[in-house]
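Coordinates as given in work11.cif (mmCIF, C-alpha atoms):
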data_my_file
loop_
_atom_site.label_atom_id
_atom_site.label_comp_id
_atom_site.auth_asym_id
_atom_site.auth_seq_id
_atom_site.Cartn_x
_atom_site.Cartn_y
_atom_site.Cartn_z
CA MET A 1 -47.61 32.58 69.03
CA VAL A 2 -47.57 34.18 65.60
CA LEU A 3 -47.19 31.61 62.85
CA ALA A 4 -44.36 32.16 60.41
CA GLU A 5 -43.24 30.71 57.12
CA LYS A 6 -40.86 27.76 57.43
CA SER A 7 -38.07 29.83 55.83
CA GLU A 8 -38.29 32.32 58.70
CA VAL A 9 -37.84 29.72 61.43
CA SER A 10 -34.32 29.22 62.73
CA VAL A 11 -35.06 26.71 65.52
CA GLU A 12 -38.21 24.65 65.93
CA VAL A 13 -38.72 22.52 69.04
CA GLU A 14 -41.77 20.25 69.23
CA ASP A 15 -42.68 18.34 72.40
CA LEU A 16 -38.99 17.75 73.10
CA SER A 17 -37.86 15.70 76.11
CA LEU A 18 -34.22 15.04 77.04
CA GLY A 19 -32.98 12.65 79.70
CA TYR A 20 -29.91 10.88 80.99
CA GLU A 21 -29.59 7.22 81.84
CA ASP A 22 -29.32 6.65 85.59
CA LEU A 23 -28.67 2.99 86.45
CA ASP A 24 -31.92 1.28 85.47
CA SER A 25 -33.97 4.43 84.93
CA VAL A 26 -33.93 7.72 82.99
CA SER A 27 -33.79 11.16 84.60
CA TRP A 28 -35.76 13.44 82.29
CA VAL A 29 -34.25 16.91 82.68
CA VAL A 30 -36.25 18.53 79.86
CA ARG A 31 -39.87 17.55 79.43
CA ASN A 32 -42.26 18.26 76.57
CA VAL A 33 -40.82 21.64 75.57
CA SER A 34 -42.10 23.37 72.43
CA LEU A 35 -40.87 26.70 71.08
CA LYS A 36 -39.76 28.54 67.94
CA LEU A 37 -36.93 30.96 67.26
CA MET A 38 -37.18 33.19 64.21
CA LYS A 39 -34.13 33.96 62.05
CA GLY A 40 -32.13 36.89 63.38
CA SER A 41 -34.06 37.06 66.66
CA SER A 42 -32.89 36.61 70.25
CA LEU A 43 -34.26 34.33 72.98
CA CYS A 44 -33.34 34.11 76.66
CA VAL A 45 -33.89 30.79 78.43
CA VAL A 46 -34.17 31.66 82.13
CA GLY A 47 -34.27 29.42 85.20
CA GLU A 48 -32.33 28.37 88.25
CA SER A 49 -29.72 25.60 88.35
CA GLY A 50 -31.32 22.25 87.55
CA SER A 51 -34.11 23.69 85.43
CA GLY A 52 -32.86 22.00 82.25
CA LYS A 53 -31.97 25.18 80.39
CA SER A 54 -28.34 24.22 79.62
CA THR A 55 -29.39 20.77 78.41
CA LEU A 56 -31.88 22.41 76.05
CA GLY A 57 -29.16 24.78 74.83
CA ASN A 58 -26.76 21.87 74.27
CA ALA A 59 -29.36 20.05 72.19
CA ILE A 60 -29.84 23.09 69.96
CA ALA A 61 -26.04 23.37 69.62
CA GLY A 62 -25.79 19.67 68.71
CA ILE A 63 -23.76 18.86 71.81
CA LEU A 64 -25.35 15.73 73.26
CA PRO A 65 -23.60 12.80 74.97
CA PRO A 66 -24.08 9.27 73.62
CA TYR A 67 -26.07 8.21 76.69
CA VAL A 68 -28.75 10.86 76.24
CA ARG A 69 -32.37 9.74 75.78
CA VAL A 70 -34.61 11.85 73.58
CA SER A 71 -38.17 12.13 72.34
CA GLY A 72 -39.97 14.70 70.25
CA ARG A 73 -38.54 16.76 67.41
CA LEU A 74 -35.83 19.41 66.98
CA VAL A 75 -35.11 21.19 63.69
CA VAL A 76 -32.24 23.70 63.43
CA GLU A 77 -31.85 25.79 60.26
CA GLY A 78 -33.79 23.19 58.29
CA VAL A 79 -31.73 20.27 59.62
CA GLU A 80 -33.65 17.65 61.59
CA VAL A 81 -31.46 17.09 64.65
CA ILE A 82 -33.83 14.98 66.77
CA ARG A 83 -36.64 12.82 65.44
CA ASP A 84 -38.78 10.80 67.86
CA SER A 85 -36.30 8.78 69.95
CA ARG A 86 -33.18 9.34 67.85
CA VAL A 87 -30.49 11.99 67.40
CA VAL A 88 -30.12 12.09 63.63
CA GLY A 89 -28.37 15.30 62.57
CA ALA A 90 -26.33 16.83 65.40
CA ASP A 91 -23.04 16.42 63.52
CA ARG A 92 -24.39 18.48 60.61
CA ILE A 93 -24.89 21.62 62.72
CA ARG A 94 -22.38 21.34 65.58
CA GLY A 95 -19.62 23.94 65.41
CA ARG A 96 -20.72 25.10 61.96
CA VAL A 97 -24.37 26.13 61.77
CA VAL A 98 -24.55 26.57 65.56
CA THR A 99 -21.69 27.50 67.86
CA LYS A 100 -21.62 27.86 71.62
CA ILE A 101 -20.08 30.41 73.97
CA PRO A 102 -19.17 28.22 76.97
CA GLN A 103 -20.06 28.85 80.59
CA ASN A 104 -16.44 28.53 81.79
CA PRO A 105 -14.25 30.15 79.12
CA ALA A 106 -10.92 29.64 80.88
CA THR A 107 -11.36 25.87 81.12
CA SER A 108 -12.74 25.56 77.59
CA LEU A 109 -9.49 26.80 76.01
CA ASN A 110 -6.64 24.34 75.49
CA PRO A 111 -3.95 25.37 78.04
CA TYR A 112 -1.16 24.04 75.78
CA VAL A 113 -2.19 26.03 72.70
CA ARG A 114 -1.59 29.73 72.08
CA ILE A 115 -4.61 31.83 71.14
CA ASP A 116 -3.53 32.34 67.51
CA ARG A 117 -3.28 28.55 67.03
CA ALA A 118 -6.80 28.09 68.43
CA PHE A 119 -8.19 30.46 65.79
CA GLN A 120 -6.14 28.93 62.99
CA ASP A 121 -7.41 25.44 63.80
CA VAL A 122 -11.05 26.59 63.59
CA LEU A 123 -10.56 28.60 60.42
CA ARG A 124 -8.72 25.73 58.67
CA GLU A 125 -11.13 23.00 59.75
CA VAL A 126 -14.46 24.76 59.37
CA ARG A 127 -13.93 27.45 56.76
CA GLY A 128 -11.13 25.81 54.78
CA ILE A 129 -8.76 28.79 54.96
CA ARG A 130 -5.20 27.54 54.33
CA ASP A 131 -3.21 30.58 53.29
CA ARG A 132 -1.13 31.94 56.19
CA ILE A 133 -1.77 35.59 55.34
CA ALA A 134 -5.52 35.02 55.03
CA LEU A 135 -5.50 33.17 58.35
CA LYS A 136 -3.75 36.07 60.06
CA GLU A 137 -6.07 38.67 58.55
CA GLU A 138 -9.22 36.80 59.53
CA THR A 139 -7.93 36.16 63.05
CA LEU A 140 -7.18 39.86 63.51
CA LYS A 141 -10.70 40.76 62.34
CA LEU A 142 -12.23 38.41 64.89
CA ILE A 143 -10.04 39.62 67.76
CA SER A 144 -10.68 43.25 66.86
CA ALA A 145 -14.45 42.65 66.78
CA VAL A 146 -14.43 41.76 70.49
CA GLY A 147 -12.15 44.65 71.49
CA LEU A 148 -8.86 42.77 71.92
CA SER A 149 -5.44 43.70 70.59
CA GLU A 150 -3.07 41.63 68.45
CA ASP A 151 -0.88 40.97 71.52
CA VAL A 152 -3.45 38.47 72.78
CA LEU A 153 -2.68 36.08 69.93
CA SER A 154 0.78 35.22 71.29
CA MET A 155 -0.56 34.41 74.77
CA TYR A 156 -1.64 31.16 76.40
CA PRO A 157 -5.04 30.95 78.16
CA HIS A 158 -3.53 31.20 81.67
CA GLU A 159 -2.07 34.60 80.74
CA LEU A 160 -5.51 36.09 80.07
CA SER A 161 -7.88 37.72 82.55
CA GLY A 162 -11.42 36.41 82.96
CA GLY A 163 -12.87 39.11 80.71
CA MET A 164 -10.23 38.50 78.03
CA CYS A 165 -10.91 34.75 78.10
CA GLN A 166 -14.61 35.39 77.64
CA ARG A 167 -13.99 37.69 74.67
CA VAL A 168 -11.66 35.14 73.08
CA THR A 169 -14.34 32.42 73.33
CA ILE A 170 -16.90 34.83 71.83
CA ALA A 171 -14.55 35.50 68.90
CA LEU A 172 -13.95 31.75 68.46
CA ALA A 173 -17.71 31.17 68.40
CA LEU A 174 -17.98 33.74 65.58
CA ALA A 175 -15.10 32.25 63.55
CA PRO A 176 -17.20 29.62 61.69
CA LYS A 177 -19.73 32.34 60.66
CA PRO A 178 -22.63 30.49 62.33
CA SER A 179 -26.32 31.16 61.83
CA ILE A 180 -27.02 30.66 65.55
CA VAL A 181 -24.96 31.31 68.66
CA VAL A 182 -25.84 29.74 72.01
CA ALA A 183 -24.39 31.67 74.96
CA ASP A 184 -24.44 29.58 78.16
CA GLU A 185 -24.27 31.80 81.29
CA PRO A 186 -21.92 34.21 79.49
CA THR A 187 -21.50 36.49 82.51
CA SER A 188 -21.54 34.09 85.46
CA ASN A 189 -17.81 34.41 86.26
CA LEU A 190 -17.41 38.14 85.69
CA ASP A 191 -17.62 41.22 87.89
CA ALA A 192 -20.40 43.81 87.53
CA TYR A 193 -18.57 46.04 85.03
CA LEU A 194 -17.53 43.18 82.76
CA ARG A 195 -21.01 41.63 82.91
CA GLY A 196 -22.47 44.77 81.38
CA TYR A 197 -19.71 45.00 78.77
CA ILE A 198 -20.03 41.36 77.67
CA VAL A 199 -23.84 41.50 77.51
CA HIS A 200 -23.79 44.55 75.24
CA LEU A 201 -20.95 43.07 73.16
CA ILE A 202 -22.88 39.85 72.46
CA LYS A 203 -26.04 41.82 71.68
CA ASP A 204 -24.27 44.21 69.29
CA LEU A 205 -22.38 41.44 67.49
CA SER A 206 -25.49 39.30 67.00
CA ARG A 207 -27.35 42.24 65.47
CA LYS A 208 -24.43 43.37 63.32
CA LEU A 209 -23.83 39.85 61.98
CA LYS A 210 -27.59 39.08 61.75
CA MET A 211 -27.31 35.87 63.77
CA SER A 212 -29.98 34.20 65.84
CA LEU A 213 -29.04 34.31 69.52
CA ILE A 214 -29.98 32.03 72.42
CA VAL A 215 -28.85 33.12 75.88
CA ILE A 216 -28.98 30.60 78.74
CA THR A 217 -29.01 32.37 82.10
CA HIS A 218 -30.20 32.24 85.70
CA ASP A 219 -30.01 36.05 85.87
CA ILE A 220 -33.35 37.36 84.65
CA SER A 221 -32.01 40.92 84.60
CA ILE A 222 -29.85 40.01 81.57
CA ALA A 223 -32.94 39.24 79.52
CA GLU A 224 -34.10 42.85 79.66
CA VAL A 225 -30.87 44.02 78.02
CA ILE A 226 -30.00 41.35 75.48
CA CYS A 227 -33.14 39.51 74.28
CA GLU A 228 -36.43 40.18 72.54
CA ASP A 229 -38.21 37.03 73.74
CA MET A 230 -37.81 34.78 76.74
CA VAL A 231 -38.92 31.45 78.14
CA VAL A 232 -38.86 30.53 81.80
CA MET A 233 -38.07 26.93 82.79
CA TYR A 234 -38.56 25.13 86.09
CA LEU A 235 -37.71 21.46 86.76
CA GLY A 236 -37.46 20.74 83.05
CA GLU A 237 -40.72 22.32 81.98
CA LEU A 238 -41.40 25.53 80.11
CA VAL A 239 -43.66 27.43 82.52
CA GLU A 240 -43.90 30.80 80.75
CA ARG A 241 -43.10 32.36 77.39
CA GLY A 242 -43.46 35.85 75.95
CA ARG A 243 -41.83 39.07 74.86
CA VAL A 244 -39.28 40.15 77.45
CA ARG A 245 -40.94 43.50 78.07
CA ASP A 246 -44.31 41.83 78.68
CA VAL A 247 -43.00 39.09 80.98
CA LEU A 248 -40.99 41.50 83.12
CA ARG A 249 -43.82 44.01 83.33
CA GLU A 250 -46.56 41.49 84.06
CA PRO A 251 -45.30 37.99 84.97
CA LEU A 252 -48.02 35.35 84.78
CA HIS A 253 -46.43 32.43 86.59
CA PRO A 254 -45.57 32.58 90.32
CA TYR A 255 -42.06 31.30 89.64
CA THR A 256 -41.39 34.12 87.18
CA THR A 257 -42.57 36.59 89.81
CA GLU A 258 -40.13 35.05 92.28
CA LEU A 259 -37.24 35.31 89.81
CA ILE A 260 -37.98 38.96 89.12
CA ALA A 261 -38.27 39.78 92.82
CA SER A 262 -34.99 38.03 93.59
CA ALA A 263 -32.69 38.39 90.58
CA GLY A 264 -29.98 35.74 90.74
CA LEU A 265 -32.08 33.57 93.09
CA GLN A 266 -30.35 30.40 94.28
CA ARG A 267 -32.49 27.79 95.96
CA VAL A 268 -30.31 25.93 98.48
CA GLY A 269 -31.32 22.32 98.93
CA GLN A 270 -33.70 22.25 95.96
CA LYS A 271 -33.38 18.78 94.49
CA TRP A 272 -34.91 16.94 91.59
CA ARG A 273 -37.78 14.76 92.59
CA LYS A 274 -39.36 11.86 90.80
CA TYR A 275 -41.79 13.36 88.35
CA VAL A 276 -45.41 12.91 89.33
CA SER A 277 -48.60 14.28 87.84
CA GLY A 278 -49.41 17.84 88.77
CA CYS A 279 -47.76 21.25 88.55
CA VAL A 280 -43.96 21.13 88.94
CA TYR A 281 -44.06 24.32 91.02
CA TYR A 282 -46.59 22.93 93.50
CA THR A 283 -44.18 22.56 96.44
CA ARG A 284 -43.07 26.20 96.30
CA CYS A 285 -46.12 28.06 95.03
CA PRO A 286 -48.09 30.27 97.47
CA TYR A 287 -51.27 29.96 95.37
CA THR A 288 -51.76 26.17 95.34
CA SER A 289 -55.18 24.55 95.22
CA ASP A 290 -56.50 21.05 94.63
CA LYS A 291 -56.56 21.84 90.91
CA CYS A 292 -52.76 22.09 90.98
CA LEU A 293 -52.54 18.34 91.61
CA GLU A 294 -53.40 18.04 87.90
CA ARG A 295 -50.70 18.95 85.41
CA PRO A 296 -51.65 22.25 83.72
CA PRO A 297 -51.26 22.60 79.97
CA LEU A 298 -49.37 25.50 78.42
CA PHE A 299 -52.18 28.04 78.07
CA LYS A 300 -51.99 30.52 75.17
CA LEU A 301 -52.98 34.03 76.22
CA GLY A 302 -53.09 36.10 73.06
CA SER A 303 -50.59 35.67 70.25
CA GLU A 304 -47.34 36.12 72.20
CA ARG A 305 -47.90 34.86 75.77
CA GLU A 306 -48.00 31.36 77.19
CA VAL A 307 -48.08 30.14 80.79
CA ARG A 308 -48.41 26.74 82.48
CA CYS A 309 -50.52 27.70 85.49
CA TRP A 310 -54.15 27.01 86.51
CA LYS A 311 -54.34 30.34 88.33
CA ARG A 312 -54.40 32.19 85.04
CA LEU A 313 -57.65 30.64 83.78
#

Now that the file is in, can you turn its structure into structure tokens?
Amino acid sequence: MVLAEKSEVSVEVEDLSLGYEDLDSVSWVVRNVSLKLMKGSSLCVVGESGSGKSTLGNAIAGILPPYVRVSGRLVVEGVEVIRDSRVVGADRIRGRVVTKIPQNPATSLNPYVRIDRAFQDVLREVRGIRDRIALKEETLKLISAVGLSEDVLSMYPHELSGGMCQRVTIALALAPKPSIVVADEPTSNLDAYLRGYIVHLIKDLSRKLKMSLIVITHDISIAEVICEDMVVMYLGELVERGRVRDVLREPLHPYTTELIASAGLQRVGQKWRKYVSGCVYYTRCPYTSDKCLERPPLFKLGSEREVRCWKRL
């Protein structure tokens, strides 16, 4: 990984683990993840359900429940969010420095509030805009940026189609003028045409507004369109990292190869197991050996590729 000046780093994750209390134990859903995101760049976090990608995205967005257990370090736009075993700065970035495009846009909007009121609340609270004319002008700019007409503002969420709901939540995420946007499965509830439209819309807006972008997805095909870099996660671990073009052309980890071969793969019956030493992909990998009973480190192959697999030695 190419080293960069601190001022160029938007997100820095160092040996980060995230878990949830479960009776008398802790289920660690993200384990020892390290990565960097440069200012203005885009990163796709890819993996199947249960891989820990959404929990990682929530941490970066400052959205963590009170019962979360943490270790390691997370710094977002110079703000230390997680230090060792404590969450120390999530409230300083949440909804201001970092915003999130939710996975289920229809359920994330208040059903009792019209769309114009939703925008006004954000603009008043976060950006301090009080003047009614200024509120209307800024709301229209945001709605126009995502290809919606003024008519949408007088509607309630249940009156919107799925694609319209998604575009409204994208516009709401842009309203605070964030430095980073986290998009969690932004196309999971849309048909093929709308998936393509929304992917290109998010990509174009992030570039135009010079924001850093993190896309959480199980669909590896999205990465090729929207992101410059990608990491692949499996059972809470980062198993591969690199430039999107390099990973898709020459995947290094067997799991990445499986994802590419079966875009949108869903593993029925795959359950979390108690973490034991060894490779997390051992039970599914066709290339296992006795060496795989030892946990592989994250090997650096050149300046831009990393993989957690003994086979690549």

Target residues per the PyMOL selection byres ((chain A and resi 162) around 9), formatted as a PyMOL selection string: chain A and resi 105-106+160-161+163-167+189-190

Give me the residues within 10 Å of stretch 13-29 of chain A as a VMD selection string, counting all atoms listed in the file and dropping any in the same chain fewer than 3 places off. chain A and resid 32 to 37 50 to 56 59 to 60 64 to 76 82 to 85 234 to 237 272 to 275

Residues matched by the PyMOL selection byres ((chain A and resi 282-299) around 9), written as a VMD selection string: chain A and resid 238 to 240 254 to 255 276 to 281 300 to 301 305 to 313

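What the PyMOL selection byres ((chain A and resi 99) around 10) matches in the given file is Asn58, Ile60, Ala61, Gly62, Ile63, Ile93, Arg94, Gly95, Arg96, Val97, Val98, Lys100, Ile101, Pro102, Ile170, Leu172, Ala173, Leu174, Ala175, Pro176, Lys177, Pro178, Ser179, Ile180, Val181, Val182 and Ala183 of chain A.
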
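Interatomic distance, atom CA of A:Thr217 against atom CA of A:Gly242: 16.1 Å.
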
Neighbours of A:Val215 within 8 Å (all atoms listed in the file; same-chain residues fewer than 2 positions away dropped), as a PDB file with C-alpha atoms, keeping the file's coordinate frame?
ATOM      1  CA  SER A  42     -32.890  36.610  70.250  1.00  0.00           C
ATOM      2  CA  LEU A  43     -34.260  34.330  72.980  1.00  0.00           C
ATOM      3  CA  CYS A  44     -33.340  34.110  76.660  1.00  0.00           C
ATOM      4  CA  VAL A  45     -33.890  30.790  78.430  1.00  0.00           C
ATOM      5  CA  VAL A 182     -25.840  29.740  72.010  1.00  0.00           C
ATOM      6  CA  ALA A 183     -24.390  31.670  74.960  1.00  0.00           C
ATOM      7  CA  ASP A 184     -24.440  29.580  78.160  1.00  0.00           C
ATOM      8  CA  GLU A 185     -24.270  31.800  81.290  1.00  0.00           C
ATOM      9  CA  PRO A 186     -21.920  34.210  79.490  1.00  0.00           C
ATOM     10  CA  LEU A 213     -29.040  34.310  69.520  1.00  0.00           C
ATOM     11  CA  THR A 217     -29.010  32.370  82.100  1.00  0.00           C
ATOM     12  CA  CYS A 227     -33.140  39.510  74.280  1.00  0.00           C
TER      13      CYS A 227
END

So which residues touch A:Val79 within 10 Å, counting all atoms listed in the file, skipping near sequence neighbours fewer than 6 positions away, as number ranges by chain? A: 10-11, 88-90, 92-93, 97
